[in-house]
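One structure is given here, and the rest of the page talks about it.
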Amino acid sequence: MADLGNYTNTSEILRKYQFRMQKKYGQNFLIDGNILTKIVGAAQITEEDCVLEIGPGIGTMTQYLAEAAGRVIAVEIDRELIPILEETLSFYHNVTVLCGDILKVDLTALAEENGGRPLKVVANLPYYITTPIIMALFESGVPLASITVMVQSEVADRMQTGPGSKDYGALSLAVQYYAKPEVVARVPASCFLPRPNVDSTVVRLTKYGKPPVEVEDEAFLFAVIRASFNQRRKTLANGLANASGLGVSRGQVETVLEEMGLPRMVRGETFTLERFAELSDRLLRLVK
């Protein structure tokens, strides 16, 4: 089967099936073999691994993954791509293609099929749904070794930044709670067909055995974090008091901040993950 990691072969298969890109799926196909090789290398794929690929498209990266992995499960939401995948992946007997929305797929069942061993996730994610997919993977409780993803460069910057940066926010803290983020490669827009308006970045998120902080209630921690960044211009006390569902007053938040030795006017963007963990536990004791 022809290598799809170039413009010529990608264009040919798209013409053959008269495939039209759909904006709602954020479809941009990678046409640079060097980047594809770098992604598979960064994901540290071996013959022992079962890889979950999200959004295989026409099967470009799937081909590279299939050469390295023991098994590949590729989940594609666009039914129009299934006939193309049947052709481009016909040579590979270790690939299973599922048509469906990754946010609705039973990930636990996939993990059980793998004997409970951690999955390695590899994906070229549509920009519009990057965060929901990554968070769904982490929160699923499914055993994961790593998630190696192509994302918009701005999103990659958010994942690895720390307190005080304008990019720092709920995504930064969530990713850093579950995994160690590392930039693998910067990918210019010219490496895609069609060419997107922004550059991309490949990030490897290596899952922690256990989170770097301990909290009494993980869901409450993330509710506090989200509320702290929903209104960035407000003080932390105002942001948390205005958040529906938390059930804390401004006075209670200010009391907790004082106990922590912090000023009442402090903002969430200055908080480390460790400090959010402490704040969350203290507030939880008030609302229980």
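We name chains A, B, ... following the order of the structure tokens; residues begin at 1 in each chain, and ligands are numbered from 1 as shown.
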
*Do a neighbour search on Arg264 in chain A at 10 Å with only C-alpha atoms, toss out local chain neighbours closer than 4 positions, and write the hits as a VMD selection string.*
chain A and resid 235 to 238 250 to 251 253 to 258

Which residues of range 85-172 of chain A sit at most 8 Å from range 22-39 of chain A, using only C-alpha atoms? Give each one's shortest atom pair and distance in Å (one decimal place), in chain and ascending residue order, as a tab-separated table.
residue	atom	partner	partner_atom	distance
A:Pro126	CA	A:Gly26	CA	4.9
A:Tyr127	CA	A:Gly26	CA	6.8
A:Tyr128	CA	A:Gly26	CA	7.3
A:Thr148	CA	A:Ile39	CA	7.4

Output of the above residues as a PDB file, in the first residue's frame, restricted to N, CA and C atoms:
ATOM      1  N   PRO A 126      -8.760  17.389  16.216  1.00  0.00           N
ATOM      2  CA  PRO A 126      -9.385  18.618  15.716  1.00  0.00           C
ATOM      3  C   PRO A 126      -9.276  19.692  16.791  1.00  0.00           C
ATOM      4  N   TYR A 127      -8.927  20.896  16.391  1.00  0.00           N
ATOM      5  CA  TYR A 127      -8.688  21.957  17.361  1.00  0.00           C
ATOM      6  C   TYR A 127      -9.898  22.239  18.247  1.00  0.00           C
ATOM      7  N   TYR A 128     -11.092  22.137  17.651  1.00  0.00           N
ATOM      8  CA  TYR A 128     -12.285  22.582  18.375  1.00  0.00           C
ATOM      9  C   TYR A 128     -12.663  21.660  19.536  1.00  0.00           C
ATOM     10  N   THR A 148      -0.072  10.969  23.118  1.00  0.00           N
ATOM     11  CA  THR A 148       0.780  11.772  22.243  1.00  0.00           C
ATOM     12  C   THR A 148      -0.114  12.393  21.190  1.00  0.00           C
TER      13      THR A 148
END

_Which residues are near Gln63 in chain A? Cut-off 12 Å, only C-alpha atoms, ignore same chain within fewer than 3 positions. Put them as a PyMOL selection string._
chain A and resi 1-5+33+36-37+40+53+56-60+66-69+71-74+85-96

Quick one: pick out all helix (DSSP H, G or I) residues within range 83-257 of chain A from a backbone DSSP run and write them as a CSV table (one decimal) with N, CA and C atoms, in the first residue's frame.
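Here's the written file selection.csv:
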chain,number,residue,atom,x,y,z
A,83,PRO,N,-14.8,3.8,4.0
A,83,PRO,CA,-14.4,3.1,2.8
A,83,PRO,C,-12.9,3.4,2.4
A,84,ILE,N,-12.5,4.6,2.6
A,84,ILE,CA,-11.1,5.0,2.3
A,84,ILE,C,-10.1,4.2,3.3
A,85,LEU,N,-10.5,4.2,4.5
A,85,LEU,CA,-9.7,3.4,5.5
A,85,LEU,C,-9.6,1.9,5.2
A,86,GLU,N,-10.7,1.4,4.7
A,86,GLU,CA,-10.7,0.0,4.3
A,86,GLU,C,-9.7,-0.3,3.3
A,87,GLU,N,-9.5,0.6,2.4
A,87,GLU,CA,-8.5,0.5,1.3
A,87,GLU,C,-7.1,0.7,1.8
A,88,THR,N,-6.9,1.9,2.5
A,88,THR,CA,-5.5,2.3,2.8
A,88,THR,C,-4.9,1.4,3.9
A,107,LEU,N,-14.5,3.2,26.5
A,107,LEU,CA,-13.0,3.0,26.6
A,107,LEU,C,-12.7,1.9,27.6
A,108,THR,N,-13.5,1.7,28.6
A,108,THR,CA,-13.2,0.6,29.5
A,108,THR,C,-13.2,-0.8,28.8
A,109,ALA,N,-14.2,-0.9,27.9
A,109,ALA,CA,-14.2,-2.2,27.2
A,109,ALA,C,-13.0,-2.4,26.3
A,110,LEU,N,-12.5,-1.3,25.7
A,110,LEU,CA,-11.3,-1.4,24.9
A,110,LEU,C,-10.1,-1.8,25.8
A,111,ALA,N,-10.0,-1.2,26.9
A,111,ALA,CA,-8.9,-1.5,27.8
A,111,ALA,C,-9.0,-3.0,28.3
A,112,GLU,N,-10.2,-3.5,28.5
A,112,GLU,CA,-10.4,-4.9,28.9
A,112,GLU,C,-10.0,-5.8,27.8
A,113,GLU,N,-10.2,-5.4,26.6
A,113,GLU,CA,-9.8,-6.2,25.4
A,113,GLU,C,-8.3,-6.3,25.4
A,127,TYR,N,-8.9,20.9,16.4
A,127,TYR,CA,-8.7,22.0,17.4
A,127,TYR,C,-9.9,22.2,18.2
A,128,TYR,N,-11.1,22.1,17.7
A,128,TYR,CA,-12.3,22.6,18.4
A,128,TYR,C,-12.7,21.7,19.5
A,129,ILE,N,-12.1,20.4,19.6
A,129,ILE,CA,-12.6,19.5,20.6
A,129,ILE,C,-11.4,18.9,21.3
A,130,THR,N,-10.2,19.5,21.2
A,130,THR,CA,-9.0,19.0,21.9
A,130,THR,C,-9.2,18.8,23.4
A,131,THR,N,-9.6,19.9,24.1
A,131,THR,CA,-9.7,19.8,25.5
A,131,THR,C,-10.7,18.8,26.0
A,132,PRO,N,-11.9,18.7,25.5
A,132,PRO,CA,-12.9,17.7,25.9
A,132,PRO,C,-12.4,16.3,25.7
A,133,ILE,N,-11.7,16.0,24.6
A,133,ILE,CA,-11.2,14.7,24.4
A,133,ILE,C,-10.1,14.3,25.4
A,134,ILE,N,-9.1,15.2,25.6
A,134,ILE,CA,-8.0,14.9,26.5
A,134,ILE,C,-8.6,14.7,28.0
A,135,MET,N,-9.5,15.6,28.4
A,135,MET,CA,-10.0,15.5,29.7
A,135,MET,C,-10.9,14.2,29.9
A,136,ALA,N,-11.6,13.8,28.8
A,136,ALA,CA,-12.4,12.6,28.9
A,136,ALA,C,-11.5,11.4,29.0
A,137,LEU,N,-10.4,11.4,28.3
A,137,LEU,CA,-9.4,10.3,28.5
A,137,LEU,C,-8.9,10.2,29.9
A,138,PHE,N,-8.5,11.3,30.4
A,138,PHE,CA,-7.9,11.3,31.8
A,138,PHE,C,-9.0,10.9,32.8
A,139,GLU,N,-10.2,11.4,32.7
A,139,GLU,CA,-11.2,11.2,33.7
A,139,GLU,C,-11.9,9.9,33.6
A,153,SER,N,-0.7,25.0,18.5
A,153,SER,CA,0.4,25.4,19.3
A,153,SER,C,0.0,26.2,20.5
A,154,GLU,N,-1.0,27.0,20.4
A,154,GLU,CA,-1.5,27.7,21.6
A,154,GLU,C,-1.9,26.8,22.7
A,155,VAL,N,-2.6,25.7,22.3
A,155,VAL,CA,-3.1,24.8,23.3
A,155,VAL,C,-1.9,24.1,24.0
A,156,ALA,N,-0.9,23.7,23.2
A,156,ALA,CA,0.3,23.0,23.7
A,156,ALA,C,1.0,23.9,24.7
A,157,ASP,N,1.0,25.2,24.4
A,157,ASP,CA,1.6,26.2,25.4
A,157,ASP,C,0.9,26.2,26.7
A,158,ARG,N,-0.5,26.1,26.6
A,158,ARG,CA,-1.3,26.2,27.8
A,158,ARG,C,-1.0,24.9,28.7
A,159,MET,N,-0.8,23.8,28.0
A,159,MET,CA,-0.6,22.6,28.8
A,159,MET,C,0.6,22.6,29.7
A,160,GLN,N,1.6,23.3,29.3
A,160,GLN,CA,2.9,23.1,30.0
A,160,GLN,C,3.3,24.4,30.8
A,170,ALA,N,-7.2,26.5,33.6
A,170,ALA,CA,-7.8,25.2,34.0
A,170,ALA,C,-7.2,24.0,33.2
A,171,LEU,N,-6.9,24.2,31.9
A,171,LEU,CA,-6.3,23.1,31.1
A,171,LEU,C,-4.9,22.8,31.6
A,172,SER,N,-4.1,23.9,31.9
A,172,SER,CA,-2.8,23.7,32.4
A,172,SER,C,-2.8,22.8,33.7
A,173,LEU,N,-3.6,23.2,34.6
A,173,LEU,CA,-3.7,22.5,35.9
A,173,LEU,C,-4.2,21.1,35.7
A,174,ALA,N,-5.2,20.9,34.9
A,174,ALA,CA,-5.8,19.5,34.7
A,174,ALA,C,-4.7,18.6,34.1
A,175,VAL,N,-4.1,19.0,33.0
A,175,VAL,CA,-3.1,18.2,32.4
A,175,VAL,C,-1.9,17.9,33.4
A,176,GLN,N,-1.5,18.9,34.1
A,176,GLN,CA,-0.3,18.7,35.0
A,176,GLN,C,-0.7,17.9,36.2
A,177,TYR,N,-2.0,17.8,36.5
A,177,TYR,CA,-2.5,16.9,37.6
A,177,TYR,C,-2.3,15.4,37.2
A,178,TYR,N,-2.6,15.2,36.0
A,178,TYR,CA,-2.7,13.8,35.5
A,178,TYR,C,-1.4,13.3,34.8
A,189,ALA,N,2.1,24.9,9.4
A,189,ALA,CA,0.8,24.6,8.8
A,189,ALA,C,1.0,24.0,7.4
A,190,SER,N,2.2,24.2,6.8
A,190,SER,CA,2.5,23.7,5.4
A,190,SER,C,2.6,22.1,5.4
A,191,CYS,N,2.6,21.5,6.6
A,191,CYS,CA,2.7,20.0,6.6
A,191,CYS,C,1.3,19.4,6.6
A,218,GLU,N,-11.4,14.9,44.2
A,218,GLU,CA,-10.9,15.3,42.9
A,218,GLU,C,-11.9,16.1,42.1
A,219,ALA,N,-13.1,15.7,42.1
A,219,ALA,CA,-14.1,16.5,41.4
A,219,ALA,C,-14.3,17.9,41.9
A,220,PHE,N,-14.2,18.0,43.2
A,220,PHE,CA,-14.4,19.3,43.9
A,220,PHE,C,-13.1,20.2,43.5
A,221,LEU,N,-12.0,19.6,43.5
A,221,LEU,CA,-10.7,20.3,43.1
A,221,LEU,C,-10.9,21.0,41.8
A,222,PHE,N,-11.4,20.2,40.8
A,222,PHE,CA,-11.5,20.8,39.5
A,222,PHE,C,-12.7,21.8,39.3
A,223,ALA,N,-13.7,21.6,40.2
A,223,ALA,CA,-14.7,22.6,40.2
A,223,ALA,C,-14.2,23.9,40.7
A,224,VAL,N,-13.3,23.9,41.7
A,224,VAL,CA,-12.7,25.1,42.3
A,224,VAL,C,-11.8,25.7,41.2
A,225,ILE,N,-11.0,24.9,40.5
A,225,ILE,CA,-10.1,25.4,39.5
A,225,ILE,C,-10.8,26.1,38.4
A,226,ARG,N,-11.9,25.4,37.9
A,226,ARG,CA,-12.6,26.0,36.8
A,226,ARG,C,-13.3,27.3,37.2
A,227,ALA,N,-13.8,27.4,38.4
A,227,ALA,CA,-14.4,28.6,38.9
A,227,ALA,C,-13.4,29.7,39.0
A,228,SER,N,-12.2,29.4,39.4
A,228,SER,CA,-11.1,30.3,39.6
A,228,SER,C,-10.7,31.0,38.3
A,229,PHE,N,-10.9,30.4,37.1
A,229,PHE,CA,-10.5,30.9,35.9
A,229,PHE,C,-11.7,31.4,35.0
A,230,ASN,N,-12.9,31.1,35.4
A,230,ASN,CA,-14.1,31.5,34.6
A,230,ASN,C,-14.2,33.0,34.4
A,236,LEU,N,-10.0,35.8,43.3
A,236,LEU,CA,-10.4,34.4,43.5
A,236,LEU,C,-11.6,34.3,44.4
A,237,ALA,N,-11.7,35.1,45.5
A,237,ALA,CA,-12.9,35.1,46.4
A,237,ALA,C,-14.2,35.4,45.6
A,238,ASN,N,-14.2,36.4,44.7
A,238,ASN,CA,-15.4,36.7,44.0
A,238,ASN,C,-15.7,35.6,43.0
A,239,GLY,N,-14.7,35.1,42.3
A,239,GLY,CA,-14.9,34.0,41.3
A,239,GLY,C,-15.5,32.8,41.9
A,240,LEU,N,-15.0,32.4,43.1
A,240,LEU,CA,-15.6,31.2,43.7
A,240,LEU,C,-16.9,31.4,44.3
A,241,ALA,N,-17.1,32.6,44.9
A,241,ALA,CA,-18.5,32.9,45.5
A,241,ALA,C,-19.5,32.9,44.4
A,250,ARG,N,-18.3,34.4,49.7
A,250,ARG,CA,-17.0,35.2,49.6
A,250,ARG,C,-16.3,35.3,50.9
A,251,GLY,N,-17.1,35.4,52.0
A,251,GLY,CA,-16.6,35.5,53.3
A,251,GLY,C,-15.8,34.2,53.7
A,252,GLN,N,-16.4,33.1,53.3
A,252,GLN,CA,-15.7,31.8,53.6
A,252,GLN,C,-14.4,31.7,52.9
A,253,VAL,N,-14.4,32.1,51.6
A,253,VAL,CA,-13.2,32.0,50.8
A,253,VAL,C,-12.1,32.9,51.4
A,254,GLU,N,-12.5,34.1,51.8
A,254,GLU,CA,-11.6,35.1,52.4
A,254,GLU,C,-11.0,34.5,53.7
A,255,THR,N,-11.8,33.9,54.5
A,255,THR,CA,-11.4,33.3,55.7
A,255,THR,C,-10.3,32.2,55.5
A,256,VAL,N,-10.6,31.4,54.5
A,256,VAL,CA,-9.6,30.3,54.1
A,256,VAL,C,-8.3,30.9,53.6
A,257,LEU,N,-8.4,31.9,52.8
A,257,LEU,CA,-7.2,32.5,52.2
A,257,LEU,C,-6.4,33.1,53.4

*Record the distance separating CA of Arg186 in chain A and CA of Arg204 in chain A, expressed in Å with one decimal.*
12.3 Å

Excluding same-chain residues fewer than 6 positions from Lys288 in chain A, what lies within 12 Å of it counting only C-alpha atoms, as a PDB file with C-alpha atoms, in the first residue's frame?
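Result file result.pdb:
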ATOM      1  CA  GLU A 216      -9.982  14.698  49.452  1.00  0.00           C
ATOM      2  CA  ASP A 217     -12.280  15.147  46.431  1.00  0.00           C
ATOM      3  CA  PHE A 220     -14.365  19.345  43.865  1.00  0.00           C
ATOM      4  CA  LEU A 246     -19.635  25.197  44.883  1.00  0.00           C
ATOM      5  CA  GLY A 247     -21.784  26.506  47.704  1.00  0.00           C
ATOM      6  CA  VAL A 248     -19.182  28.803  49.246  1.00  0.00           C
ATOM      7  CA  ASP A 281      -9.557  20.642  50.841  1.00  0.00           C
ATOM      8  CA  ARG A 282     -10.082  23.587  53.177  1.00  0.00           C
TER       9      ARG A 282
END

*Which residues, written as an NGL selection string, have at least one atom at most 8 Å from Ile54 in chain A, with only C-alpha atoms counted and residues fewer than 2 positions away on the same chain left out?*
:A and (52 or 56 or 74-76 or 102 or 121-125)

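Checking A:Ile45, A:Val105, A:Leu283, A:Met265 one by one against Ser146 in chain A, counting only C-alpha atoms, you find the shortest gap at A:Ile45.
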
_Distance criterion (only C-alpha atoms): nearest to Val266 in chain A out of A:Tyr7, A:Val184, A:Val213, A:Gly164_ = A:Gly164

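When only C-alpha atoms are used to measure the gap to Pro196 in chain A, the shortest distance among A:Glu48, A:Pro211, A:Ala179, A:Val151 belongs to A:Val151.
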
*Identify, with DSSP run on backbone atoms, the residues in range 46-235 of chain A assigned to strand (DSSP E), and express the list as a VMD selection string.*
chain A and resid 50 to 54 71 to 76 95 to 99 119 to 124 144 to 152 179 to 187 192 to 193 200 to 207
